[in-house]
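Asks: There's a structure below that I have some questions on.
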Amino acid sequence: MAAMNNTPMTTNDLKWDVRQRLKLLESTLLLSGWVRTHALIETFGISRAQASKDFAVYMALRPMNLAYNKSKKYYEASADFEPLLLRGKTSELLDVLSAMPHGDGPVLALATQTPAVALLRPMERELDLQVFRAISMAAYNKVKLRLAYQSMNRVDPTELVLSPHTLVFSGFRWHVRAFSDTHDEFRDFVLARVRGQPEVLGEAGRAADGDALWHTEVAVQVLPHPELPPAQQVVIAEDYGMADGQITQPVRAALVPYFLRLMQIEPAREHPDPKVQQIVLGNREALAHLLW
């Protein structure tokens, strides 16, 4: 891992396993603003000495990113934080979040030979990591922030004061669920529409407890398209694991429009050909008040 001839170490000198641990370290800084060596010890099952060595390597590569808080005994992201390993791709954060201990995480293939597999993914959307970090830290610390937001309904950006509580990836892009002082209600704000750098304020934010749509769970009923022949409806039902010709997915009320768009069953965008549409929203009337 050490560079030769006393030349400065670069990320190209990192072994694969060290790179993965440092990427988790950096992602944690981005998401919460601080990290302890114990996070690496627990996640990767390494010794405290190895975790301390990883931190030393990271600080050698990006010394301005970390500041040790002696009273709280953890490392904080400095004001000059600049990503070292993350490039601002949504897939990077999704990979890290899926590997966190709170979920099953990805399954690693250990076989020497595997069948040919081709994966088709949508085009990546760029993510400004400085904007993401500011909003994530405000949500984590439950404080307000001020930002300029370019709505699609206005010609110029509008200054907003938000109390963010949850970052959401809708399947296509990132947005934040937040209370807007400007609108006096909880709304969704697309991160890519934030202009410039948000200013994190010291004022306590509005608690997420008041976000009724966020805390309400509704059932989204999905059916095979009723105009398909019965045999084709059976195939579609089996494809989605439906029972009795339907499947119900619990979704937060605030996220229903995103889920419908992700599943391509948004009523306003349904394709007229049932062979193309294949599945439809079964309880449209019950969810009509939640649609865009």
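By convention in this document, the chains of the structure tokens carry letters A, B, ... by their order, each chain's residues are numbered from 1, and ligands are numbered from 1 in the order they are shown.
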Can you check which residues of segment 2-247 of chain A DSSP gives as strand (DSSP E) on the backbone and send them as a PyMOL selection string?
Replies: chain A and resi 34-35+66-69+74-77+143-149+158-169+174-180+185-190+194-204+217-224+247
Asks: Report as a tab-separated table (two decimals) with C-alpha atoms, in the first residue's frame: the residues of segment 116-215 of chain A with a DSSP assignment of helix (DSSP H, G or I), based on the backbone of this structure.
Replies:
```tsv
chain	number	residue	atom	x	y	z
A	129	LEU	CA	-21.76	16.17	-2.65
A	130	GLN	CA	-21.34	19.52	-0.89
A	131	VAL	CA	-25.07	20.21	-1.19
A	132	PHE	CA	-25.83	16.63	-0.13
A	133	ARG	CA	-23.53	16.93	2.89
A	134	ALA	CA	-25.04	20.22	4.08
A	135	ILE	CA	-28.62	18.92	3.82
A	136	SER	CA	-27.72	15.56	5.34
A	137	MET	CA	-25.98	17.22	8.30
A	138	ALA	CA	-28.95	19.55	8.86
A	139	ALA	CA	-31.32	16.56	8.83
A	140	TYR	CA	-29.05	14.56	11.14
A	141	ASN	CA	-28.65	17.43	13.62
A	191	LEU	CA	-31.42	18.24	-4.51
A	192	ALA	CA	-30.36	18.96	-8.10
A	193	ARG	CA	-32.44	22.16	-8.03
A	208	ALA	CA	-40.73	15.47	11.61
A	209	ASP	CA	-43.52	14.36	13.95
A	210	GLY	CA	-45.81	16.90	12.32
A	212	ALA	CA	-48.60	13.52	8.62
A	213	LEU	CA	-48.09	12.28	5.04
A	214	TRP	CA	-44.67	10.93	5.95
A	215	HIS	CA	-45.93	9.01	8.96
```
Asks: Could you name the residues that touch segment 233-242 of chain A at 12 Å or less, counting only C-alpha atoms, but leaving out those on the same chain fewer than 4 positions away, as a list in words?
Replies: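 Everything that qualifies: Gln221, Val222, Leu223, Pro224, His225, Pro226, Glu227, Leu228, Pro229, Gln246, Ile247, Thr248, Gln249, Met263, Pro274, Lys275, Val276, Gln277, Gln278, Ile279 and Val280 of chain A.
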Asks: Generate a file of the selected residues that holds C-alpha atoms, formatted as a PDB file, in the first residue's frame.
Replies:
```
ATOM      1  CA  GLN A 221     -52.766  -2.123  -5.079  1.00  0.00           C
ATOM      2  CA  VAL A 222     -51.191  -3.340  -8.321  1.00  0.00           C
ATOM      3  CA  LEU A 223     -53.078  -5.493 -10.842  1.00  0.00           C
ATOM      4  CA  PRO A 224     -52.418  -6.989 -14.271  1.00  0.00           C
ATOM      5  CA  HIS A 225     -53.966  -4.802 -16.948  1.00  0.00           C
ATOM      6  CA  PRO A 226     -57.649  -5.882 -17.075  1.00  0.00           C
ATOM      7  CA  GLU A 227     -57.706  -5.697 -20.892  1.00  0.00           C
ATOM      8  CA  LEU A 228     -55.036  -8.370 -21.279  1.00  0.00           C
ATOM      9  CA  PRO A 229     -56.254 -11.898 -22.134  1.00  0.00           C
ATOM     10  CA  GLN A 246     -53.191  -8.644  -7.229  1.00  0.00           C
ATOM     11  CA  ILE A 247     -50.402  -7.498  -4.949  1.00  0.00           C
ATOM     12  CA  THR A 248     -50.455  -4.770  -2.310  1.00  0.00           C
ATOM     13  CA  GLN A 249     -47.399  -2.688  -1.486  1.00  0.00           C
ATOM     14  CA  MET A 263     -43.448   1.294 -11.332  1.00  0.00           C
ATOM     15  CA  PRO A 274     -52.296  -3.023 -22.409  1.00  0.00           C
ATOM     16  CA  LYS A 275     -49.430  -5.059 -23.893  1.00  0.00           C
ATOM     17  CA  VAL A 276     -47.153  -2.115 -23.106  1.00  0.00           C
ATOM     18  CA  GLN A 277     -48.767  -1.049 -19.818  1.00  0.00           C
ATOM     19  CA  GLN A 278     -49.213  -4.624 -18.458  1.00  0.00           C
ATOM     20  CA  ILE A 279     -49.834  -3.543 -14.829  1.00  0.00           C
ATOM     21  CA  VAL A 280     -52.119  -0.824 -13.458  1.00  0.00           C
TER      22      VAL A 280
END
```
Asks: Find the residues around Arg146 of chain A up to 6 Å (only C-alpha atoms counted), leave out those fewer than 3 positions away in its own chain, and share them as a count of residues only.
Replies: 4
